[in-house]
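S.K.: What follows is final.pdb; its format and atoms are PDB, C-alpha atoms.
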```pdb
ATOM      1  CA  MET A 734     -87.274 -41.051 -69.833
ATOM      2  CA  GLY A 735     -84.479 -43.146 -68.328
ATOM      3  CA  ALA A 736     -83.822 -40.606 -65.583
ATOM      4  CA  ARG A 737     -87.508 -40.521 -64.612
ATOM      5  CA  ILE A 738     -87.763 -44.322 -64.495
ATOM      6  CA  PHE A 739     -84.550 -44.500 -62.456
ATOM      7  CA  ALA A 740     -85.917 -41.981 -59.937
ATOM      8  CA  ILE A 741     -89.155 -43.955 -59.528
ATOM      9  CA  ALA A 742     -87.195 -47.226 -59.231
ATOM     10  CA  MET A 743     -84.953 -45.885 -56.473
ATOM     11  CA  ASN A 744     -87.942 -44.479 -54.613
ATOM     12  CA  ALA A 745     -89.724 -47.850 -54.904
ATOM     13  CA  TYR A 746     -86.600 -49.571 -53.617
ATOM     14  CA  ARG A 747     -86.380 -47.238 -50.611
ATOM     15  CA  GLU A 748     -90.040 -47.907 -49.787
ATOM     16  CA  ALA A 749     -89.631 -51.667 -50.194
ATOM     17  CA  VAL A 750     -86.706 -51.970 -47.791
ATOM     18  CA  ARG A 751     -88.847 -50.372 -45.082
ATOM     19  CA  ALA A 752     -91.389 -53.196 -45.298
ATOM     20  CA  ARG A 753     -91.300 -55.341 -42.168
ATOM     21  CA  VAL A 754     -92.315 -58.447 -44.093
ATOM     22  CA  LEU A 755     -89.059 -58.193 -46.047
ATOM     23  CA  TYR A 756     -87.005 -58.474 -42.866
ATOM     24  CA  GLY A 757     -89.208 -61.292 -41.619
ATOM     25  CA  LEU A 758     -88.633 -63.337 -44.775
ATOM     26  CA  LEU A 759     -84.923 -62.527 -44.721
ATOM     27  CA  ALA A 760     -84.756 -63.756 -41.130
ATOM     28  CA  PHE A 761     -86.592 -66.920 -42.148
ATOM     29  CA  ALA A 762     -84.146 -67.519 -45.010
ATOM     30  CA  LEU A 763     -81.154 -66.994 -42.718
ATOM     31  CA  ALA A 764     -82.718 -69.318 -40.144
ATOM     32  CA  ALA A 765     -83.022 -71.957 -42.870
ATOM     33  CA  CYS A 766     -79.305 -71.504 -43.555
ATOM     34  CA  ALA A 767     -78.565 -72.020 -39.860
ATOM     35  CA  TYR A 768     -80.776 -75.118 -39.906
ATOM     36  CA  SER A 769     -78.783 -76.476 -42.847
ATOM     37  CA  VAL A 770     -75.640 -76.306 -40.695
ATOM     38  CA  VAL A 771     -77.327 -78.388 -37.989
ATOM     39  CA  VAL A 772     -78.551 -80.977 -40.488
ATOM     40  CA  ALA A 773     -75.158 -81.025 -42.233
ATOM     41  CA  SER A 774     -73.442 -81.804 -38.944
ATOM     42  CA  LEU A 775     -75.646 -84.898 -38.610
ATOM     43  CA  SER A 776     -74.987 -86.151 -42.137
ATOM     44  CA  LEU A 777     -72.151 -88.469 -43.146
ATOM     45  CA  ASP A 778     -69.782 -86.779 -45.614
ATOM     46  CA  GLN A 779     -72.709 -84.875 -47.176
ATOM     47  CA  GLN A 780     -72.264 -81.506 -45.489
ATOM     48  CA  ALA A 781     -71.720 -79.527 -48.689
ATOM     49  CA  ARG A 782     -74.712 -81.135 -50.378
ATOM     50  CA  VAL A 783     -77.041 -80.405 -47.471
ATOM     51  CA  VAL A 784     -75.935 -76.769 -47.177
ATOM     52  CA  SER A 785     -76.191 -76.100 -50.921
ATOM     53  CA  ASP A 786     -79.563 -77.835 -51.345
ATOM     54  CA  VAL A 787     -81.255 -76.318 -48.291
ATOM     55  CA  GLY A 788     -79.709 -72.905 -48.945
ATOM     56  CA  ALA A 789     -80.749 -72.817 -52.610
ATOM     57  CA  ALA A 790     -84.282 -73.982 -51.763
ATOM     58  CA  SER A 791     -84.701 -71.335 -49.032
ATOM     59  CA  ILE A 792     -83.454 -68.574 -51.356
ATOM     60  CA  SER A 793     -85.893 -69.646 -54.075
ATOM     61  CA  LEU A 794     -88.918 -69.912 -51.776
ATOM     62  CA  CYS A 795     -88.335 -66.697 -49.839
ATOM     63  CA  THR A 796     -87.511 -64.651 -52.943
ATOM     64  CA  VAL A 797     -90.756 -65.685 -54.627
ATOM     65  CA  LEU A 798     -92.727 -64.813 -51.485
ATOM     66  CA  VAL A 799     -91.051 -61.393 -51.337
ATOM     67  CA  ALA A 800     -91.833 -60.838 -55.034
ATOM     68  CA  ILE A 801     -95.513 -61.646 -54.478
ATOM     69  CA  VAL A 802     -95.845 -59.469 -51.373
ATOM     70  CA  LEU A 803     -94.000 -56.446 -52.770
ATOM     71  CA  GLY A 804     -95.618 -56.742 -56.188
ATOM     72  CA  ALA A 805     -99.082 -56.899 -54.633
ATOM     73  CA  THR A 806     -98.658 -54.012 -52.177
ATOM     74  CA  SER A 807     -96.239 -51.530 -53.766
ATOM     75  CA  LEU A 808     -98.695 -49.840 -56.117
ATOM     76  CA  TYR A 809    -101.645 -50.087 -53.727
ATOM     77  CA  ARG A 810     -99.676 -48.316 -50.993
ATOM     78  CA  GLU A 811     -99.220 -45.328 -53.291
ATOM     79  CA  LEU A 812    -102.938 -45.262 -54.034
ATOM     80  CA  GLU A 813    -103.938 -45.657 -50.400
ATOM     81  CA  LEU A 814    -101.658 -42.840 -49.218
ATOM     82  CA  LYS A 815    -102.629 -40.655 -52.217
ATOM     83  CA  THR A 816     -98.949 -40.105 -53.022
ATOM     84  CA  ILE A 817     -99.497 -41.235 -56.583
ATOM     85  CA  PHE A 818    -101.418 -38.066 -57.485
ATOM     86  CA  PRO A 819     -98.573 -35.532 -57.072
ATOM     87  CA  ILE A 820     -96.221 -38.000 -58.798
ATOM     88  CA  LEU A 821     -98.398 -38.420 -61.879
ATOM     89  CA  ALA A 822     -99.074 -34.668 -61.926
ATOM     90  CA  ARG A 823     -95.449 -34.237 -62.976
ATOM     91  CA  PRO A 824     -94.283 -34.755 -66.577
ATOM     92  CA  LEU A 825     -94.232 -38.508 -66.066
ATOM     93  CA  ALA A 826     -96.047 -41.069 -68.222
ATOM     94  CA  ARG A 827     -97.990 -43.776 -66.440
ATOM     95  CA  HIS A 828     -96.030 -46.554 -68.112
ATOM     96  CA  GLU A 829     -92.786 -44.951 -66.890
ATOM     97  CA  TYR A 830     -94.153 -44.978 -63.364
ATOM     98  CA  LEU A 831     -95.176 -48.632 -63.635
ATOM     99  CA  VAL A 832     -91.833 -49.730 -65.082
ATOM    100  CA  GLY A 833     -90.018 -47.788 -62.373
ATOM    101  CA  LYS A 834     -91.999 -49.531 -59.630
ATOM    102  CA  TYR A 835     -91.238 -52.876 -61.234
ATOM    103  CA  LEU A 836     -87.502 -52.185 -61.483
ATOM    104  CA  GLY A 837     -87.426 -50.934 -57.892
ATOM    105  CA  THR A 838     -88.943 -54.216 -56.730
ATOM    106  CA  LEU A 839     -86.409 -56.157 -58.806
ATOM    107  CA  LEU A 840     -83.579 -54.192 -57.210
ATOM    108  CA  THR A 841     -84.917 -55.137 -53.783
ATOM    109  CA  LEU A 842     -85.028 -58.789 -54.810
ATOM    110  CA  LEU A 843     -81.465 -58.567 -56.134
ATOM    111  CA  VAL A 844     -80.240 -57.322 -52.758
ATOM    112  CA  PHE A 845     -82.285 -59.995 -50.971
ATOM    113  CA  VAL A 846     -80.806 -62.801 -53.076
ATOM    114  CA  ALA A 847     -77.277 -61.381 -52.811
ATOM    115  CA  ILE A 848     -77.370 -61.194 -48.993
ATOM    116  CA  ASP A 849     -78.951 -64.607 -48.564
ATOM    117  CA  GLY A 850     -76.672 -66.114 -51.212
ATOM    118  CA  ALA A 851     -73.595 -64.641 -49.524
ATOM    119  CA  VAL A 852     -74.572 -66.334 -46.248
ATOM    120  CA  VAL A 853     -75.112 -69.691 -47.976
ATOM    121  CA  LEU A 854     -71.790 -69.425 -49.812
ATOM    122  CA  GLY A 855     -70.019 -68.426 -46.603
ATOM    123  CA  ILE A 856     -71.406 -71.475 -44.788
ATOM    124  CA  LEU A 857     -70.520 -73.651 -47.779
ATOM    125  CA  ALA A 858     -66.965 -72.308 -47.709
ATOM    126  CA  GLY A 859     -66.637 -73.183 -44.037
ATOM    127  CA  GLU A 860     -68.015 -76.690 -44.590
ATOM    128  CA  THR A 861     -65.645 -77.487 -47.474
ATOM    129  CA  GLY A 862     -62.326 -76.592 -45.936
ATOM    130  CA  ALA A 863     -61.849 -72.944 -46.784
ATOM    131  CA  SER A 864     -59.522 -71.008 -44.503
ATOM    132  CA  ILE A 865     -61.480 -70.037 -41.405
ATOM    133  CA  GLY A 866     -59.135 -67.103 -40.898
ATOM    134  CA  ALA A 867     -59.771 -65.794 -44.417
ATOM    135  CA  LEU A 868     -63.517 -66.319 -44.011
ATOM    136  CA  ALA A 869     -63.624 -64.529 -40.659
ATOM    137  CA  GLY A 870     -61.375 -61.735 -41.901
ATOM    138  CA  ALA A 871     -63.486 -61.170 -44.998
ATOM    139  CA  SER A 872     -66.691 -61.108 -42.927
ATOM    140  CA  VAL A 873     -65.256 -58.603 -40.442
ATOM    141  CA  ALA A 874     -63.920 -56.430 -43.265
ATOM    142  CA  LEU A 875     -67.281 -56.450 -45.060
ATOM    143  CA  PHE A 876     -69.269 -55.441 -41.984
ATOM    144  CA  ALA A 877     -66.664 -52.874 -40.967
ATOM    145  CA  ALA A 878     -66.790 -51.323 -44.446
ATOM    146  CA  LEU A 879     -70.589 -51.235 -44.282
ATOM    147  CA  GLY A 880     -70.531 -49.638 -40.843
ATOM    148  CA  VAL A 881     -68.071 -46.935 -41.905
ATOM    149  CA  ALA A 882     -70.034 -46.233 -45.093
ATOM    150  CA  LEU A 883     -73.306 -45.912 -43.186
ATOM    151  CA  TRP A 884     -71.643 -43.596 -40.668
ATOM    152  CA  LYS A 885     -69.977 -41.379 -43.275
ATOM    153  CA  LEU A 886     -72.922 -41.278 -45.670
ATOM    154  CA  PRO A 887     -76.054 -41.333 -43.498
ATOM    155  CA  HIS A 888     -78.274 -39.946 -46.260
ATOM    156  CA  SER A 889     -77.362 -42.774 -48.638
ATOM    157  CA  ARG A 890     -77.756 -45.680 -46.264
ATOM    158  CA  VAL A 891     -80.360 -47.514 -48.287
ATOM    159  CA  GLN A 892     -78.491 -47.168 -51.584
ATOM    160  CA  LEU A 893     -75.184 -48.285 -50.045
ATOM    161  CA  VAL A 894     -76.606 -51.707 -49.269
ATOM    162  CA  VAL A 895     -76.884 -52.502 -52.998
ATOM    163  CA  PRO A 896     -73.152 -52.468 -53.882
ATOM    164  CA  TRP A 897     -72.265 -53.883 -50.464
ATOM    165  CA  ALA A 898     -74.553 -56.893 -50.963
ATOM    166  CA  LEU A 899     -73.082 -57.570 -54.422
ATOM    167  CA  VAL A 900     -69.506 -57.304 -53.108
ATOM    168  CA  ALA A 901     -70.358 -59.612 -50.197
ATOM    169  CA  PHE A 902     -71.845 -62.158 -52.597
ATOM    170  CA  ALA A 903     -68.799 -62.033 -54.893
ATOM    171  CA  THR A 904     -66.394 -62.312 -51.947
ATOM    172  CA  MET A 905     -68.109 -65.348 -50.485
ATOM    173  CA  ALA A 906     -68.325 -66.942 -53.934
ATOM    174  CA  LEU A 907     -64.538 -66.655 -54.238
ATOM    175  CA  LEU A 908     -63.976 -68.087 -50.763
ATOM    176  CA  ALA A 909     -66.336 -70.993 -51.545
ATOM    177  CA  ALA A 910     -64.098 -72.171 -54.419
ATOM    178  CA  PRO A 911     -63.209 -75.418 -52.556
ATOM    179  CA  ALA A 912     -66.899 -76.407 -52.742
ATOM    180  CA  GLY A 913     -66.532 -76.922 -56.510
ATOM    181  CA  ALA A 914     -69.764 -78.156 -58.075
ATOM    182  CA  ASN A 915     -71.833 -77.299 -55.003
ATOM    183  CA  ARG A 916     -70.736 -73.682 -55.347
ATOM    184  CA  GLN A 917     -71.876 -73.784 -58.975
ATOM    185  CA  LEU A 918     -75.232 -75.120 -57.820
ATOM    186  CA  VAL A 919     -75.750 -72.166 -55.472
ATOM    187  CA  LEU A 920     -74.602 -69.604 -58.052
ATOM    188  CA  ALA A 921     -76.785 -71.020 -60.825
ATOM    189  CA  SER A 922     -79.739 -71.353 -58.460
ATOM    190  CA  CYS A 923     -79.419 -67.709 -57.394
ATOM    191  CA  ALA A 924     -79.370 -66.582 -61.045
ATOM    192  CA  LEU A 925     -82.409 -68.720 -61.914
ATOM    193  CA  THR A 926     -84.238 -67.520 -58.804
ATOM    194  CA  LEU A 927     -83.812 -63.905 -59.895
ATOM    195  CA  CYS A 928     -85.129 -64.765 -63.367
ATOM    196  CA  GLU A 929     -88.155 -66.514 -61.881
ATOM    197  CA  ALA A 930     -88.750 -63.644 -59.457
ATOM    198  CA  ALA A 931     -88.716 -61.207 -62.380
ATOM    199  CA  ILE A 932     -91.617 -63.106 -63.982
ATOM    200  CA  VAL A 933     -93.527 -63.388 -60.697
ATOM    201  CA  THR A 934     -93.057 -59.657 -60.062
ATOM    202  CA  ALA A 935     -94.294 -58.851 -63.565
ATOM    203  CA  ILE A 936     -97.383 -61.001 -62.964
ATOM    204  CA  ALA A 937     -98.025 -59.228 -59.663
ATOM    205  CA  THR A 938     -97.540 -55.840 -61.338
ATOM    206  CA  LEU A 939    -100.064 -56.799 -64.021
ATOM    207  CA  PHE A 940    -102.732 -57.763 -61.499
ATOM    208  CA  SER A 941    -101.987 -54.833 -59.177
ATOM    209  CA  SER A 942    -102.631 -52.437 -62.066
ATOM    210  CA  PHE A 943    -106.370 -53.127 -61.735
ATOM    211  CA  SER A 944    -106.950 -55.256 -58.618
ATOM    212  CA  SER A 945    -106.672 -55.155 -54.817
ATOM    213  CA  PRO A 946    -103.586 -56.447 -52.950
ATOM    214  CA  PHE A 947    -105.396 -59.548 -51.686
ATOM    215  CA  LEU A 948    -106.671 -60.597 -55.106
ATOM    216  CA  THR A 949    -103.325 -59.721 -56.673
ATOM    217  CA  ALA A 950    -101.520 -61.996 -54.219
ATOM    218  CA  VAL A 951    -104.048 -64.813 -54.776
ATOM    219  CA  PHE A 952    -103.899 -64.554 -58.587
ATOM    220  CA  THR A 953    -100.103 -64.310 -58.611
ATOM    221  CA  LEU A 954     -99.663 -67.243 -56.248
ATOM    222  CA  SER A 955    -102.109 -69.292 -58.336
ATOM    223  CA  LEU A 956    -100.204 -68.603 -61.561
ATOM    224  CA  PHE A 957     -96.936 -69.352 -59.792
ATOM    225  CA  LEU A 958     -98.211 -72.760 -58.662
ATOM    226  CA  ILE A 959     -99.536 -73.492 -62.152
ATOM    227  CA  GLY A 960     -96.213 -72.458 -63.664
ATOM    228  CA  ARG A 961     -94.301 -74.713 -61.270
ATOM    229  CA  SER A 962     -96.630 -77.565 -62.342
ATOM    230  CA  ALA A 963     -96.584 -76.807 -66.080
ATOM    231  CA  ASP A 964     -94.837 -80.026 -67.118
ATOM    232  CA  THR A 965     -97.176 -82.117 -64.984
ATOM    233  CA  LEU A 966    -100.257 -80.404 -66.413
ATOM    234  CA  ALA A 967     -99.026 -80.901 -69.974
ATOM    235  CA  HIS A 968     -98.693 -84.655 -69.464
ATOM    236  CA  LEU A 969    -101.820 -85.519 -67.500
ATOM    237  CA  PRO A 970    -103.197 -88.900 -68.621
ATOM    238  CA  ALA A 971    -106.530 -88.491 -70.405
ATOM    239  CA  LYS A 972    -107.759 -91.867 -69.086
ATOM    240  CA  GLU A 973    -107.360 -90.660 -65.509
ATOM    241  CA  VAL A 974    -108.695 -87.087 -65.673
ATOM    242  CA  GLY A 975    -110.798 -87.042 -68.841
ATOM    243  CA  ALA A 976    -110.240 -85.473 -72.242
ATOM    244  CA  GLY A 977    -111.734 -82.099 -71.276
ATOM    245  CA  VAL A 978    -109.547 -81.666 -68.212
ATOM    246  CA  LYS A 979    -106.477 -82.739 -70.179
ATOM    247  CA  ARG A 980    -107.162 -80.140 -72.907
ATOM    248  CA  ALA A 981    -107.695 -77.412 -70.319
ATOM    249  CA  ALA A 982    -104.533 -78.400 -68.447
ATOM    250  CA  SER A 983    -102.503 -78.499 -71.674
ATOM    251  CA  LEU A 984    -103.784 -75.027 -72.596
ATOM    252  CA  LEU A 985    -102.781 -73.676 -69.177
ATOM    253  CA  ALA A 986     -99.335 -75.244 -69.545
ATOM    254  CA  ARG A 987     -98.855 -73.448 -72.889
ATOM    255  CA  VAL A 988    -100.136 -70.048 -71.760
ATOM    256  CA  VAL A 989     -98.628 -69.797 -68.278
ATOM    257  CA  PRO A 990     -94.826 -69.406 -68.078
ATOM    258  CA  ASN A 991     -93.141 -72.733 -67.395
ATOM    259  CA  LEU A 992     -91.465 -71.945 -64.077
ATOM    260  CA  GLN A 993     -90.076 -75.448 -63.707
ATOM    261  CA  VAL A 994     -87.272 -74.230 -65.953
ATOM    262  CA  TYR A 995     -85.991 -72.271 -62.945
ATOM    263  CA  VAL A 996     -85.840 -75.261 -60.583
ATOM    264  CA  PRO A 997     -83.927 -77.873 -62.601
ATOM    265  CA  ALA A 998     -82.748 -81.151 -61.150
ATOM    266  CA  ARG A 999     -79.634 -81.166 -58.983
ATOM    267  CA  PRO A1000     -77.456 -83.037 -61.542
ATOM    268  CA  ILE A1001     -78.144 -80.309 -64.114
ATOM    269  CA  LEU A1002     -77.119 -77.542 -61.722
ATOM    270  CA  LEU A1003     -73.982 -79.485 -60.840
ATOM    271  CA  GLY A1004     -73.072 -79.851 -64.523
ATOM    272  CA  GLU A1005     -73.267 -83.653 -64.385
ATOM    273  CA  VAL A1006     -75.547 -83.956 -67.438
ATOM    274  CA  PRO A1007     -73.294 -83.752 -70.516
ATOM    275  CA  GLU A1008     -76.055 -82.835 -72.961
ATOM    276  CA  VAL A1009     -77.276 -79.909 -70.813
ATOM    277  CA  SER A1010     -74.984 -76.965 -70.073
ATOM    278  CA  THR A1011     -75.818 -75.348 -66.738
ATOM    279  CA  TRP A1012     -75.009 -71.812 -67.822
ATOM    280  CA  SER A1013     -76.729 -72.245 -71.194
ATOM    281  CA  LEU A1014     -79.821 -73.230 -69.231
ATOM    282  CA  VAL A1015     -79.450 -70.093 -67.114
ATOM    283  CA  ALA A1016     -79.106 -67.972 -70.275
ATOM    284  CA  ARG A1017     -82.245 -69.493 -71.805
ATOM    285  CA  GLY A1018     -84.107 -68.948 -68.555
ATOM    286  CA  ALA A1019     -83.020 -65.305 -68.508
ATOM    287  CA  ALA A1020     -84.176 -64.807 -72.109
ATOM    288  CA  GLN A1021     -87.570 -66.352 -71.312
ATOM    289  CA  SER A1022     -87.838 -64.206 -68.192
ATOM    290  CA  ILE A1023     -87.148 -60.999 -70.132
ATOM    291  CA  ALA A1024     -89.664 -61.922 -72.837
ATOM    292  CA  TYR A1025     -92.498 -62.832 -70.463
ATOM    293  CA  SER A1026     -91.839 -59.854 -68.203
ATOM    294  CA  ALA A1027     -91.831 -57.430 -71.128
ATOM    295  CA  VAL A1028     -95.147 -58.752 -72.427
ATOM    296  CA  MET A1029     -96.836 -58.614 -69.022
ATOM    297  CA  LEU A1030     -95.497 -55.134 -68.307
ATOM    298  CA  ALA A1031     -96.796 -53.940 -71.680
ATOM    299  CA  VAL A1032    -100.279 -55.286 -70.884
ATOM    300  CA  ALA A1033    -100.104 -53.807 -67.376
ATOM    301  CA  ALA A1034     -99.139 -50.410 -68.819
ATOM    302  CA  LEU A1035    -102.120 -50.466 -71.189
ATOM    303  CA  ILE A1036    -104.504 -51.271 -68.317
ATOM    304  CA  PHE A1037    -102.895 -48.782 -65.929
ATOM    305  CA  ARG A1038    -103.095 -46.019 -68.546
ATOM    306  CA  ARG A1039    -106.892 -46.395 -68.650
ATOM    307  CA  ARG A1040    -107.383 -46.694 -64.895
ATOM    308  CA  ASP A1041    -109.466 -44.022 -63.209
ATOM    309  CA  PHE A1042    -108.120 -43.033 -59.775
ATOM    310  CA  SER A1043    -111.088 -40.892 -58.781
TER     311      SER A1043
END
```
As structure tokens, how would this structure be written, given the file I've shared?

M.R.:
Amino acid sequence: MGARIFAIAMNAYREAVRARVLYGLLAFALAACAYSVVVASLSLDQQARVVSDVGAASISLCTVLVAIVLGATSLYRELELKTIFPILARPLARHEYLVGKYLGTLLTLLVFVAIDGAVVLGILAGETGASIGALAGASVALFAALGVALWKLPHSRVQLVVPWALVAFATMALLAAPAGANRQLVLASCALTLCEAAIVTAIATLFSSFSSPFLTAVFTLSLFLIGRSADTLAHLPAKEVGAGVKRAASLLARVVPNLQVYVPARPILLGEVPEVSTWSLVARGAAQSIAYSAVMLAVAALIFRRRDFS
């Protein structure tokens, strides 16, 4: 079963990286990083803060948008092109196919976050006094290694980007050591963004198992906005909105995943709150992400198993 799911996941990843919207959102995220440099140059001794805050926010926003778009269109594209029929005609269970598509989307998001995060960390390293020579040398070496790998292994170009993106992220994280707490903010934010994206992708997969891409995107975006407002909904004043609205809002806050966990306050990400450990928060967020994603994938598999493609 694992080999079949892996094959579907890699195929979903290859299809996802061909999507033009992915490159558009990546360009937008990188443009936001460039904008952070401009704003940082205008700030007074707050360059590292501006770069880390703007960079982390752009990674979070763009990753969620990519998760919604890919989650809403990945399965529908297979149905529209009729490629799903020969796939399911093989000895492959429908739930294996669905899980494979989900994991392929997650792999795409991992690469997206790693590339964008590497750029943010590289800029942060330059703004906090890291050796410009070491930073330039590492960047040239990374792109040279990628170019040689793509030239030598032309049939594995898409797969090669995965380890390259992870190595680039790790390299820039090491070079950004002088940034201290701001580096921790970016690293923790990237981890939490991936956890949040896993939930959003699972929600999109659930809706795409029985709905159209447009409705899937609308439903997923709606649940995302509710999840980001869960704490606010849970504490609405009854005198202002009425008892009925408060009960409904409190119910929504309990049912919908609380996505505010994945965008904690800056002092928490910096480790400045003694009673809250940053990495313990990341671990709890990851556990919640796995639990919610597993439940939604199980429901999606049950619905997808009964779907009639005729």

S.K.: Tell me, in Å to one decimal, how far atom CA of Asp964 of chain A is from atom CA of Gly804 of chain A.

M.R.: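 Atom CA of Gly804 of chain A lies 25.7 Å from atom CA of Asp964 of chain A.
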
S.K.: What residues come out when you apply the PyMOL selection byres ((chain A and resi 959) around 9) to this file, written as a PyMOL selection string?

M.R.: chain A and resi 954-958+960-963+966+985-986+989-992

S.K.: Expand the PyMOL selection byres ((chain A and resi 946-952) around 7) into the individual residues it matches in the shown file, reporting them as a PyMOL selection string.

M.R.: chain A and resi 801-802+805-806+809+937+940-941+944-945+953-956

S.K.: Suppose a student applies the PyMOL selection byres ((chain A and resi 794) around 12) to this structure; what residues should they get, written as a PyMOL selection string?

M.R.: chain A and resi 758-759+761-762+765+787-793+795-801+845-846+849+922-923+926-927+929-930+933+954+957-958+961+995-996

S.K.: Using only C-alpha atoms, pick whichever of A:Val832, A:Arg827, A:His968, A:Ser983 has the shortest atom-to-atom distance to Arg1040 of chain A.

M.R.: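 Counting only C-alpha atoms, the residue closest to Arg1040 of chain A is A:Arg827.
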
S.K.: Could you jot down the atom CA of Ala781 of chain A to atom CA of Leu857 of chain A separation for me, Å, one decimal place?

M.R.: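 For atom CA of Ala781 of chain A relative to atom CA of Leu857 of chain A, the distance reads 6.1 Å.
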